[in-house]
Structure formats: C-alpha cells, structure tokens
>>> print(open('query02.cif').read())   # mmCIF, C-alpha atoms
data_protein
loop_
_atom_site.label_atom_id
_atom_site.label_comp_id
_atom_site.auth_asym_id
_atom_site.auth_seq_id
_atom_site.Cartn_x
_atom_site.Cartn_y
_atom_site.Cartn_z
CA MET A 1 117.18 101.19 95.08
CA ALA A 2 119.97 103.13 96.67
CA THR A 3 119.58 106.91 96.26
CA MET A 4 119.61 106.92 92.48
CA LEU A 5 118.08 108.25 89.31
CA ALA A 6 118.29 106.10 86.17
CA PHE A 7 117.13 107.24 82.76
CA LEU A 8 117.15 104.72 79.95
CA ALA A 9 116.29 105.30 76.30
CA THR A 10 115.48 103.14 73.32
CA ASN A 11 114.44 103.87 69.78
CA ALA A 12 112.18 100.79 69.75
CA SER A 13 108.57 101.19 68.74
CA ILE A 14 106.72 99.64 71.64
CA ARG A 15 103.47 100.18 73.56
CA PRO A 16 103.91 101.82 77.01
CA SER A 17 102.33 98.84 78.80
CA LEU A 18 104.76 96.41 77.18
CA LEU A 19 107.74 98.65 77.88
CA ASN A 20 106.61 98.99 81.48
CA ARG A 21 106.42 95.21 81.81
CA ALA A 22 109.99 94.82 80.50
CA LEU A 23 111.27 97.60 82.77
CA ARG A 24 109.64 96.26 85.93
CA SER A 25 111.12 92.85 85.36
CA ALA A 26 114.58 94.29 84.66
CA VAL A 27 114.45 96.58 87.72
CA GLU A 28 113.34 93.82 90.06
CA GLU A 29 116.49 91.79 89.49
CA SER A 30 118.91 94.72 89.27
CA PHE A 31 118.16 98.05 90.98
CA ASN A 32 115.95 96.27 93.53
CA ARG A 33 118.81 93.86 94.27
CA VAL A 34 121.53 96.36 95.11
CA THR A 35 122.23 97.99 98.45
CA VAL A 36 125.04 100.18 99.69
CA ASP A 37 123.99 101.29 103.17
CA GLU A 38 120.27 100.49 102.99
CA CYS A 39 119.53 104.21 102.71
CA GLN A 40 117.05 105.19 100.05
CA SER A 41 115.78 108.43 98.65
CA THR A 42 112.18 109.44 98.10
CA SER A 43 113.38 110.50 94.64
CA ASP A 44 114.68 107.04 93.64
CA THR A 45 113.65 106.68 90.02
CA VAL A 46 114.11 104.44 87.02
CA ALA A 47 112.51 105.70 83.81
CA VAL A 48 112.69 104.38 80.29
CA LEU A 49 111.86 106.43 77.22
CA ALA A 50 111.06 104.96 73.80
CA ASN A 51 110.78 107.32 70.86
CA GLY A 52 109.76 104.71 68.26
CA MET A 53 112.32 106.02 65.74
CA SER A 54 113.72 102.55 65.03
CA GLU A 55 113.17 101.28 61.50
CA ALA A 56 112.56 97.77 62.85
CA ALA A 57 108.98 96.56 63.02
CA PRO A 58 106.97 97.65 66.09
CA ILE A 59 107.28 95.19 68.95
CA ALA A 60 104.17 93.03 68.88
CA GLY A 61 103.24 91.23 72.08
CA ARG A 62 104.99 89.88 75.12
CA THR A 63 105.50 86.48 73.52
CA SER A 64 107.23 87.88 70.44
CA ALA A 65 110.92 87.31 69.84
CA SER A 66 111.49 91.05 69.46
CA PHE A 67 109.96 91.74 72.89
CA LYS A 68 112.13 89.07 74.45
CA ARG A 69 115.22 90.62 72.85
CA LEU A 70 114.29 94.08 74.11
CA ALA A 71 113.53 92.74 77.60
CA ALA A 72 116.85 90.90 77.68
CA ALA A 73 118.74 94.01 76.55
CA LEU A 74 116.98 96.15 79.18
CA SER A 75 117.76 93.54 81.80
CA ASP A 76 121.45 93.50 80.82
CA LEU A 77 121.64 97.28 80.89
CA CYS A 78 119.95 97.59 84.29
CA GLY A 79 122.16 94.81 85.63
CA GLU A 80 125.26 96.65 84.50
CA LEU A 81 124.11 99.97 85.94
CA ALA A 82 123.18 98.35 89.26
CA TYR A 83 126.63 96.77 89.38
CA GLN A 84 128.15 100.21 88.89
CA ILE A 85 126.11 101.54 91.83
CA ALA A 86 127.61 98.88 94.11
CA ALA A 87 131.11 99.43 92.72
CA ASP A 88 130.73 103.18 93.16
CA GLY A 89 129.28 102.93 96.69
CA GLU A 90 130.73 105.49 99.08
CA GLY A 91 134.26 104.34 99.92
CA ALA A 92 133.76 100.98 98.18
CA GLU A 93 136.86 98.99 97.27
CA ARG A 94 135.13 95.72 96.27
CA VAL A 95 131.77 94.59 94.98
CA ILE A 96 130.19 91.80 97.03
CA GLU A 97 127.86 89.47 95.16
CA VAL A 98 125.69 87.35 97.42
CA LYS A 99 124.08 84.37 95.72
CA VAL A 100 121.64 82.14 97.55
CA ARG A 101 120.20 78.91 96.19
CA GLY A 102 118.43 75.86 97.55
CA ALA A 103 116.04 78.01 99.61
CA ALA A 104 112.58 76.75 100.53
CA SER A 105 111.07 79.64 98.54
CA PRO A 106 112.16 82.63 96.45
CA ALA A 107 111.13 84.84 99.40
CA ASP A 108 113.42 82.91 101.73
CA ALA A 109 116.27 83.20 99.23
CA HIS A 110 115.73 86.93 98.96
CA GLU A 111 115.58 87.44 102.71
CA VAL A 112 118.79 85.49 103.26
CA ALA A 113 120.69 87.20 100.43
CA ARG A 114 119.63 90.61 101.70
CA ALA A 115 120.47 89.79 105.33
CA ILE A 116 124.01 88.86 104.34
CA ALA A 117 124.42 91.83 102.00
CA VAL A 118 123.30 94.43 104.53
CA SER A 119 125.36 93.05 107.41
CA PRO A 120 128.07 95.57 108.33
CA LEU A 121 129.98 92.69 109.92
CA VAL A 122 130.04 90.77 106.62
CA ARG A 123 130.90 93.93 104.69
CA THR A 124 133.81 94.82 107.00
CA ALA A 125 135.03 91.20 106.97
CA VAL A 126 135.18 91.35 103.17
CA HIS A 127 137.01 94.65 103.44
CA GLY A 128 139.56 92.94 105.67
CA ALA A 129 139.70 89.93 103.28
CA ASP A 130 138.64 87.70 106.14
CA PRO A 131 136.75 84.53 105.04
CA ASN A 132 134.54 84.87 108.11
CA TRP A 133 131.84 82.25 107.57
CA GLY A 134 130.60 82.88 111.13
CA ARG A 135 129.30 86.32 110.24
CA ILE A 136 127.53 84.87 107.21
CA ILE A 137 125.87 82.14 109.28
CA GLN A 138 124.96 84.75 111.91
CA SER A 139 123.16 86.77 109.23
CA LEU A 140 121.19 83.68 108.23
CA GLY A 141 120.16 83.30 111.85
CA THR A 142 118.45 86.68 111.86
CA THR A 143 116.04 85.65 109.08
CA ARG A 144 112.83 83.68 109.15
CA ALA A 145 114.11 81.45 106.34
CA ALA A 146 113.90 77.67 106.73
CA PHE A 147 117.29 75.97 106.92
CA ASP A 148 119.20 73.27 108.74
CA PRO A 149 122.64 74.48 109.93
CA ASN A 150 123.98 70.97 109.34
CA ARG A 151 123.03 71.01 105.68
CA ILE A 152 123.97 74.47 104.46
CA VAL A 153 127.06 75.06 102.38
CA VAL A 154 128.88 78.42 102.32
CA ARG A 155 131.35 79.25 99.59
CA ILE A 156 133.54 82.34 99.35
CA CYS A 157 135.35 83.09 96.08
CA ASP A 158 134.56 79.59 94.78
CA GLN A 159 135.96 77.84 97.85
CA THR A 160 133.76 75.87 100.24
CA VAL A 161 134.42 77.29 103.69
CA PHE A 162 131.53 75.80 105.68
CA ARG A 163 129.50 72.59 105.37
CA ARG A 164 128.02 69.82 107.50
CA GLY A 165 127.65 72.26 110.37
CA ARG A 166 131.32 73.14 110.62
CA PRO A 167 134.18 74.88 108.80
CA SER A 168 135.40 72.93 105.83
CA GLU A 169 138.62 71.12 106.73
CA SER A 170 139.87 71.11 103.18
CA ALA A 171 139.54 74.86 102.70
CA ASP A 172 142.75 76.80 102.22
CA MET A 173 141.75 79.91 104.14
CA ALA A 174 144.92 81.81 103.27
CA LYS A 175 144.13 81.29 99.60
CA VAL A 176 140.51 82.39 100.06
CA SER A 177 141.75 85.50 101.85
CA ARG A 178 144.07 86.32 98.95
CA LYS A 179 141.20 85.89 96.49
CA MET A 180 139.05 88.21 98.62
CA LYS A 181 141.41 91.08 97.83
CA ALA A 182 140.00 91.20 94.28
CA LYS A 183 137.50 93.80 93.06
CA HIS A 184 134.70 91.23 93.09
CA VAL A 185 133.97 88.92 95.99
CA LEU A 186 131.41 86.16 95.55
CA ILE A 187 129.60 84.74 98.58
CA GLU A 188 127.42 81.71 97.86
CA VAL A 189 125.04 80.01 100.24
CA ASP A 190 123.22 76.79 99.41
CA LEU A 191 120.44 76.10 101.90
CA LYS A 192 119.73 72.60 100.49
CA GLU A 193 116.00 72.96 101.07
CA ARG A 194 114.31 73.43 97.69
CA ASP A 195 115.10 75.48 94.60
CA GLY A 196 114.57 79.10 95.73
CA CYS A 197 117.36 81.36 94.57
CA ASP A 198 118.23 85.04 94.60
CA ARG A 199 121.17 87.41 94.27
CA VAL A 200 121.95 90.76 95.91
CA LEU A 201 124.87 93.10 95.26
CA THR A 202 126.58 95.34 97.77
CA CYS A 203 130.08 96.67 98.47
CA ASP A 204 132.56 96.42 101.30
CA LEU A 205 132.30 98.86 104.22
CA THR A 206 135.45 100.92 104.57
CA LYS A 207 136.89 103.93 106.35
CA GLY A 208 136.22 105.76 103.09
CA TYR A 209 132.48 105.47 103.80
CA ILE A 210 132.97 107.15 107.16
CA THR A 211 135.18 109.87 105.70
CA ILE A 212 132.71 110.72 102.93
CA ASN A 213 129.66 110.75 105.18
CA ALA A 214 131.08 112.22 108.38
CA ASP A 215 133.20 114.95 106.82
CA TYR A 216 130.47 116.15 104.45
CA HIS A 217 128.71 119.08 106.09
CA THR A 218 125.35 120.61 105.28
CA MET B 1 119.52 93.22 121.71
CA ALA B 2 122.97 93.67 120.31
CA THR B 3 125.20 90.61 120.76
CA MET B 4 125.05 90.56 124.53
CA LEU B 5 124.66 88.48 127.65
CA ALA B 6 123.19 90.14 130.75
CA PHE B 7 122.95 88.46 134.13
CA LEU B 8 121.12 90.29 136.88
CA ALA B 9 120.70 89.23 140.49
CA THR B 10 118.52 90.23 143.39
CA ASN B 11 118.04 88.92 146.90
CA ALA B 12 114.31 89.67 146.74
CA SER B 13 111.85 86.93 147.59
CA ILE B 14 109.58 86.88 144.56
CA ARG B 15 107.66 84.32 142.49
CA PRO B 16 109.26 83.47 139.10
CA SER B 17 106.17 84.64 137.17
CA LEU B 18 106.25 88.06 138.86
CA LEU B 19 109.99 88.42 138.35
CA ASN B 20 109.58 87.46 134.71
CA ARG B 21 106.92 90.14 134.30
CA ALA B 22 109.21 92.80 135.77
CA LEU B 23 112.14 91.64 133.64
CA ARG B 24 110.20 91.60 130.36
CA SER B 25 108.97 95.10 130.94
CA ALA B 26 112.45 96.36 131.84
CA VAL B 27 114.05 94.62 128.83
CA GLU B 28 111.49 95.97 126.38
CA GLU B 29 112.43 99.58 127.06
CA SER B 30 116.17 99.03 127.45
CA PHE B 31 117.94 96.10 125.76
CA ASN B 32 115.24 95.98 123.09
CA ARG B 33 115.78 99.70 122.45
CA VAL B 34 119.50 99.70 121.79
CA THR B 35 121.25 99.03 118.51
CA VAL B 36 124.87 99.31 117.45
CA ASP B 37 125.01 97.85 113.95
CA GLU B 38 121.72 95.92 113.94
CA CYS B 39 123.67 92.68 114.25
CA GLN B 40 122.36 90.24 116.81
CA SER B 41 123.54 86.96 118.21
CA THR B 42 121.53 83.78 118.61
CA SER B 43 122.96 83.74 122.14
CA ASP B 44 121.55 87.15 123.12
CA THR B 45 120.36 86.67 126.68
CA VAL B 46 119.05 88.58 129.65
CA ALA B 47 118.55 86.51 132.82
CA VAL B 48 117.62 87.56 136.32
CA LEU B 49 118.23 85.43 139.38
CA ALA B 50 116.47 85.92 142.74
CA ASN B 51 117.70 83.94 145.72
CA GLY B 52 115.09 85.13 148.20
CA MET B 53 117.70 85.85 150.86
CA SER B 54 116.37 89.34 151.58
CA GLU B 55 114.94 89.83 155.04
CA ALA B 56 112.19 92.03 153.59
CA ALA B 57 108.74 90.53 153.22
CA PRO B 58 108.16 88.44 150.08
CA ILE B 59 106.88 90.49 147.18
CA ALA B 60 103.13 89.99 147.05
CA GLY B 61 101.39 90.77 143.78
CA ARG B 62 101.92 92.99 140.78
CA THR B 63 99.92 95.81 142.33
CA SER B 64 101.98 95.88 145.54
CA ALA B 65 104.30 98.78 146.32
CA SER B 66 107.22 96.39 146.79
CA PHE B 67 106.74 94.92 143.30
CA LYS B 68 106.62 98.38 141.81
CA ARG B 69 109.86 99.30 143.58
CA LEU B 70 111.57 96.13 142.36
CA ALA B 71 110.28 96.66 138.80
CA ALA B 72 111.49 100.26 138.84
CA ALA B 73 114.93 99.21 140.12
CA LEU B 74 115.21 96.50 137.46
CA SER B 75 114.15 98.99 134.84
CA ASP B 76 116.79 101.51 135.98
CA LEU B 77 119.48 98.83 136.00
CA CYS B 78 118.61 97.52 132.53
CA GLY B 79 118.46 101.09 131.25
CA GLU B 80 121.93 101.81 132.57
CA LEU B 81 123.38 98.58 131.14
CA ALA B 82 121.76 99.21 127.74
CA TYR B 83 123.25 102.70 127.76
CA GLN B 84 126.68 101.18 128.39
CA ILE B 85 126.20 98.88 125.38
CA ALA B 86 125.63 101.89 123.14
CA ALA B 87 128.53 103.81 124.71
CA ASP B 88 130.79 100.80 124.32
CA GLY B 89 129.71 100.07 120.71
CA GLU B 90 132.63 99.19 118.44
CA GLY B 91 134.49 102.44 117.77
CA ALA B 92 131.79 104.55 119.40
CA GLU B 93 132.69 108.08 120.42
CA ARG B 94 129.17 109.32 121.26
CA VAL B 95 125.86 107.87 122.37
CA ILE B 96 122.93 108.93 120.21
CA GLU B 97 119.55 109.05 121.92
CA VAL B 98 116.62 109.20 119.50
CA LYS B 99 113.35 110.29 121.08
CA VAL B 100 110.12 110.33 119.10
CA ARG B 101 106.83 111.73 120.32
CA GLY B 102 103.54 112.83 118.82
CA ALA B 103 103.31 109.66 116.70
CA ALA B 104 99.95 108.30 115.59
CA SER B 105 100.68 105.10 117.55
CA PRO B 106 103.39 103.59 119.75
CA ALA B 107 104.28 101.30 116.80
CA ASP B 108 104.78 104.32 114.53
CA ALA B 109 106.95 105.97 117.17
CA HIS B 110 109.06 102.85 117.49
CA GLU B 111 109.48 102.43 113.74
CA VAL B 112 110.55 106.06 113.32
CA ALA B 113 112.96 106.01 116.26
CA ARG B 114 114.55 102.80 115.01
CA ALA B 115 114.79 104.03 111.41
CA ILE B 116 116.72 107.09 112.57
CA ALA B 117 118.92 105.12 114.97
CA VAL B 118 119.95 102.49 112.43
CA SER B 119 120.70 104.96 109.63
CA PRO B 120 124.43 104.93 108.89
CA LEU B 121 123.98 108.37 107.35
CA VAL B 122 122.58 109.77 110.60
CA ARG B 123 125.24 107.98 112.63
CA THR B 124 128.10 109.30 110.48
CA ALA B 125 126.58 112.81 110.51
CA VAL B 126 126.59 112.73 114.31
CA HIS B 127 130.19 111.51 114.20
CA GLY B 128 131.01 114.54 112.05
CA ALA B 129 129.00 116.82 114.40
CA ASP B 130 126.84 117.82 111.44
CA PRO B 131 123.26 118.86 112.39
CA ASN B 132 122.01 117.19 109.22
CA TRP B 133 118.22 117.30 109.59
CA GLY B 134 117.91 116.07 105.98
CA ARG B 135 119.21 112.62 106.87
CA ILE B 136 116.79 112.46 109.79
CA ILE B 137 113.83 113.39 107.59
CA GLN B 138 115.04 110.91 104.97
CA SER B 139 114.93 108.15 107.59
CA LEU B 140 111.35 109.11 108.43
CA GLY B 141 110.51 108.76 104.77
CA THR B 142 111.52 105.10 104.74
CA THR B 143 108.92 104.20 107.38
CA ARG B 144 105.21 103.50 107.12
CA ALA B 145 104.53 105.96 109.95
CA ALA B 146 101.86 108.62 109.47
CA PHE B 147 103.22 112.16 109.42
CA ASP B 148 102.91 115.48 107.66
CA PRO B 149 106.32 116.90 106.68
CA ASN B 150 104.91 120.39 107.24
CA ARG B 151 104.06 119.65 110.85
CA ILE B 152 107.02 117.70 112.17
CA VAL B 153 109.61 119.31 114.42
CA VAL B 154 113.19 118.05 114.62
CA ARG B 155 115.46 119.05 117.48
CA ILE B 156 119.14 118.21 117.88
CA CYS B 157 120.83 118.81 121.24
CA ASP B 158 117.82 120.85 122.45
CA GLN B 159 117.84 123.16 119.40
CA THR B 160 115.00 123.17 116.88
CA VAL B 161 116.61 122.62 113.48
CA PHE B 162 113.56 121.83 111.36
CA ARG B 163 109.90 122.84 111.50
CA ARG B 164 107.05 123.93 109.26
CA GLY B 165 108.54 121.93 106.42
CA ARG B 166 111.86 123.74 106.36
CA PRO B 167 115.04 124.35 108.33
CA SER B 168 114.50 126.57 111.32
CA GLU B 169 115.72 130.07 110.54
CA SER B 170 116.46 130.85 114.15
CA ALA B 171 118.72 127.84 114.67
CA ASP B 172 122.37 128.56 115.35
CA MET B 173 123.80 125.62 113.44
CA ALA B 174 127.39 126.34 114.48
CA LYS B 175 126.26 126.14 118.11
CA VAL B 176 124.36 122.89 117.50
CA SER B 177 127.45 121.44 115.84
CA ARG B 178 129.58 122.37 118.86
CA LYS B 179 127.04 120.70 121.16
CA MET B 180 127.14 117.57 118.98
CA LYS B 181 130.76 117.02 119.94
CA ALA B 182 129.63 115.90 123.42
CA LYS B 183 129.49 112.27 124.56
CA HIS B 184 125.68 112.30 124.34
CA VAL B 185 123.73 113.59 121.36
CA LEU B 186 119.96 113.90 121.64
CA ILE B 187 117.81 113.79 118.49
CA GLU B 188 114.13 114.55 119.06
CA VAL B 189 111.34 114.25 116.54
CA ASP B 190 107.79 115.39 117.22
CA LEU B 191 105.39 114.07 114.58
CA LYS B 192 102.46 116.17 115.90
CA GLU B 193 99.94 113.41 115.15
CA ARG B 194 98.85 111.85 118.45
CA ASP B 195 100.67 110.80 121.60
CA GLY B 196 102.77 107.81 120.52
CA CYS B 197 106.31 107.99 121.84
CA ASP B 198 109.42 105.85 121.93
CA ARG B 199 113.16 106.05 122.44
CA VAL B 200 116.07 104.14 120.90
CA LEU B 201 119.78 104.36 121.74
CA THR B 202 122.66 103.90 119.35
CA CYS B 203 126.17 105.26 118.85
CA ASP B 204 127.98 107.16 116.14
CA LEU B 205 129.57 105.25 113.26
CA THR B 206 133.30 105.86 113.11
CA LYS B 207 136.48 104.64 111.46
CA GLY B 208 137.06 102.77 114.72
CA TYR B 209 134.13 100.50 113.82
CA ILE B 210 135.79 99.61 110.52
CA THR B 211 139.18 99.07 112.14
CA ILE B 212 137.79 96.74 114.79
CA ASN B 213 135.68 94.70 112.39
CA ALA B 214 137.86 94.63 109.29
CA ASP B 215 141.18 94.00 111.02
CA TYR B 216 139.87 91.25 113.27
CA HIS B 217 140.60 87.92 111.59
CA THR B 218 139.12 84.52 112.28
#
>>> encode(input="query02.cif", output="structure tokens")
Amino acid sequence: MATMLAFLATNASIRPSLLNRALRSAVEESFNRVTVDECQSTSDTVAVLANGMSEAAPIAGRTSASFKRLAAALSDLCGELAYQIAADGEGAERVIEVKVRGAASPADAHEVARAIAVSPLVRTAVHGADPNWGRIIQSLGTTRAAFDPNRIVVRICDQTVFRRGRPSESADMAKVSRKMKAKHVLIEVDLKERDGCDRVLTCDLTKGYITINADYHT
Amino acid sequence: MATMLAFLATNASIRPSLLNRALRSAVEESFNRVTVDECQSTSDTVAVLANGMSEAAPIAGRTSASFKRLAAALSDLCGELAYQIAADGEGAERVIEVKVRGAASPADAHEVARAIAVSPLVRTAVHGADPNWGRIIQSLGTTRAAFDPNRIVVRICDQTVFRRGRPSESADMAKVSRKMKAKHVLIEVDLKERDGCDRVLTCDLTKGYITINADYHT
C-alpha cells in the first residue's frame, strides 16, 4: 500500500468472515501490488462495509456463485482503485505495469516484479521513453530469484527487446520509444523457469515528484 | 555499494588474509554504508593491492600496532571515498549523513539508518531544506526496529526537532532550514533503547537526478 485510505461499500448480505476473505484476496493483487515511491503510512487502510440492504439472497458460502461474483467485483474495484493510485502518483505522467511470468515460484515472480517497479533507474528510463533493457536486467540481478540470463525474454510495449542473453536484433527501438510515450507502459519479463507469475504497478519518476516533495514545507 | 569500482593500493608488506580482514572491516562501515538510489551493479568491486615494497617491517599479526595503523588508514580512505560517492550522486547537491544511536541492537540501528537514508521523501525534504521530522519518523515506522515513539529524539543539523512524542517547542525551525542549505546535512536519531548505533550516507534527491537518468538514452 502506498499512503492510502480506501473505503468500499456493498449492499450485499454477507457474513463478515466471508467478506474479509474476499477483501484480502482482492487487496493482495491490487493495493499490495502498487508502489509509487515505496513509502507507506502507518494509517494505510482498506475497509469494506456491507449493510445487507440488498434484496438478493444472502451470500451462502465461499463456493457459491454469488460469493464468486462478489469477490470478482471487489477484485475489479480494488484493481481499478490501485491503478488510479499509480496514475495519480506524485508527478506521474505514465503508469508502468510490470508483468513477470515463467518464474521458478510465485515468490520469485513477486520479488522480480517489485525489484523492477521500485527501481528509480527503470522509472526514469520510462519517463525518458528509453527502452533501456539494461536497467531491467540490472534490477533482476539484485534479487534472489532463479534465472538464466541466456533464457530470459524482456518485452517493452509488446516488443521483444532482449532475449538469448543479448538485445533483440529485430527490435525497432525507435518504435518502442514512441510507444513508451503513452499513458501506459507495459514491461514484461519471462524468466523461462517454471510458471510463477506476478504483476506490480508503479509510475514514472519525474521532476514533478521532486517539485511536489521538495517544495512542500511543514 | 552503489555502482562502483574501487581500487586501493599500499606498499605495505602484509599477508593476503590480514589485508583482506582490514579491507572487509573498512568496506563494511564505508562502501556498505552509502546509498544513492539503492541501485547496485553486479560489477560492484573494492580491491586492495599490496606490493610489499615498503621498507618498514612486514605487518605481523592482527593485534600488532602496525596492523592497527594500516587498518585505520584503510578505513579512513574508504570512508573518504564513500563520502565522495554520496557527494557525487547523480544530481546531488548535499550529502545526508544519517546517524542512529540508542538502538536495541546494531541490526536495528542499521535498519533504521538505512530506512531513513533510502526514503525519497526524506531526501526530497532535505533538498527543499525542510526540517520534516514527520518523514523521518515515518521511515522508522516501516522498520522492525524496537522503539517507543514517546522516547525517541530526532535532531537535524544539531537541533532537536522532535522529542517526547512531539515536535520540540524550543526548536527554531527557520534556523534549522537555513542550516539545511549546507553541503552536509546531519540527521540524528536516538532510539533510547540500548547502545546500538550505525551510520549511513546518502544524498538529496533533486531534479538533476531525473535529468541525468531520464535524458540519458541507450
């Protein structure tokens, strides 16, 4: 979480323990997968309130279709709000979505995705629309994740920029750079180990971030 | 270490194992206590070469006076070089020295010092010469270190700005802010637990950092 308070409400009739289960799952893949500057607040909160006023039948158990629909809706909502946090990061001009797959474990995938997302070098490169695969690989190198540099594939904005241990010869870097000027920049890393995957959102690091945080006085 | 190569040389006559011991100790408190943007390189290196050409007697053992002198000299040299890394950080205008004492353990002290030093909010506040004790306390809150918010004391540039759980009423914040415009800004935190202490160097985070890293293209 990134210095935030989120209050969600539903009129569903649902037991607190079930609602808590749906919320925790939704938060894990949304608010716990977004970072702006890695700073957090001791007040970071996500709360969901259910007043049971819906005329639909009470939600039965966690295998019921109605629970699955509620959980999916909560997940969508949290995903959208988390996206807005990245997009509204201090000084942000672009959202960066880091997707990792092929990791040896989900934990490896998470560590790699987070390492890339928190790297100020990656975030400034995206700000400068520079398809700098070197800074992405360098972030991988700081993790304990299992990978073979000769097997990994790095894609930026749907273009393969690095594979077989070297920059992709067929990549049109000028085109990738133009695509990186969009509001959403996708960085994908395939570690080619097993099937661990994860996704972390962040934003580019700009002079706006400095202005907002250096000029603000207590 | 922070994307660096350091090569040191001495004409001392000393066994490799002894020289290695002196180097490791010197590196631990210098190059391993400096951070610019937390980015590291897989090539980060510190090497020391001794050619034994000195006419002084060979350095005997690790309890000898000559070993202690060499170790102290190596420590001074590494300390000075690490300081230069912080001062020469991309876009840096000030060095920030974070000193922590009174921690329950050396590990706690290290974690707290590092948490403060890597915080972009602290680093931008220093850039803006804002004696923002809140961002320092917030960094403490992200650690697992033992502390009582009502006991800790925070000092910036030799002025107590926070104690007894609230901002110091006697602090002249305008004066602290003026002092923060110097090339060296000292942040001190006393956790008042036991005697654990540590020190980490960093630099302020400026628009220069963004310019250098966003405008550089591969």
>>> interface_residues(input="query02.cif", of="chain A", to="chain B", cutoff="9 Å", atoms="all atoms listed in the file", output="VMD selection string")
chain A and resid 37 to 42 119 to 134 138 to 139 141 to 142 205 to 218
>>> closest_residue(input="query02.cif", among="A:Val34, A:Leu70, A:Ala9, A:Ile137", to="Ala50 (chain A)", atoms="only C-alpha atoms")
A:Ala9
>>> resolve_selection(input="query02.cif", expression="the PyMOL selection byres ((chain B and resi 18) around 9)", output="PyMOL selection string")
chain B and resi 14-17+19-23+59-62+67
>>> resolve_selection(input="query02.cif", expression="the PyMOL selection byres ((chain A and resi 35) around 12)", output="ChimeraX atom specification")
/A:1-4,30-34,36-40,82-90,92,95-98,113-120,123,199-205
>>> resolve_selection(input="query02.cif", expression="the PyMOL selection byres ((chain A and resi 193) around 8)", output="list in words")
Gly102, Ala103, Ala104, Ala146, Phe147, Leu191, Lys192, Arg194 and Asp195 of chain A
>>> residues_near_point(input="query02.cif", point="(134.3, 85.2, 98.0)", cutoff="10 Å", atoms="only C-alpha atoms", output="MDAnalysis selection string")
chainID A and resid 96:98 126 129:131 154:161 176:182 184:188
>>> atom_distance(input="query02.cif", atom1="CA of Arg144 (chain A)", atom2="CA of His110 (chain A)")
11.1 Å
>>> closest_residue(input="query02.cif", among="B:Gly79, B:Leu5, B:Ala72, B:Leu140", to="Asp44 (chain B)", atoms="all atoms listed in the file")
B:Leu5
>>> atom_distance(input="query02.cif", atom1="CA of Thr143 (chain A)", atom2="CA of Ala109 (chain A)")
10.2 Å
>>> atom_distance(input="query02.cif", atom1="CA of Ala12 (chain A)", atom2="CA of Ala73 (chain A)")
11.6 Å
>>> closest_residue(input="query02.cif", among="B:Leu8, B:Ala107, B:Cys197, B:Ala145", to="Ala26 (chain B)", atoms="all atoms listed in the file")
B:Leu8
>>> closest_residue(input="query02.cif", among="B:Val189, B:Lys175, B:Arg94, B:Ala6", to="Ile136 (chain B)", atoms="all atoms listed in the file")
B:Val189
>>> residues_around(input="query02.cif", residues="Val27 (chain B)", least_positions_apart="6", cutoff="8 Å", atoms="all atoms listed in the file", output="MDAnalysis selection string")
chainID B and resid 46 75 78
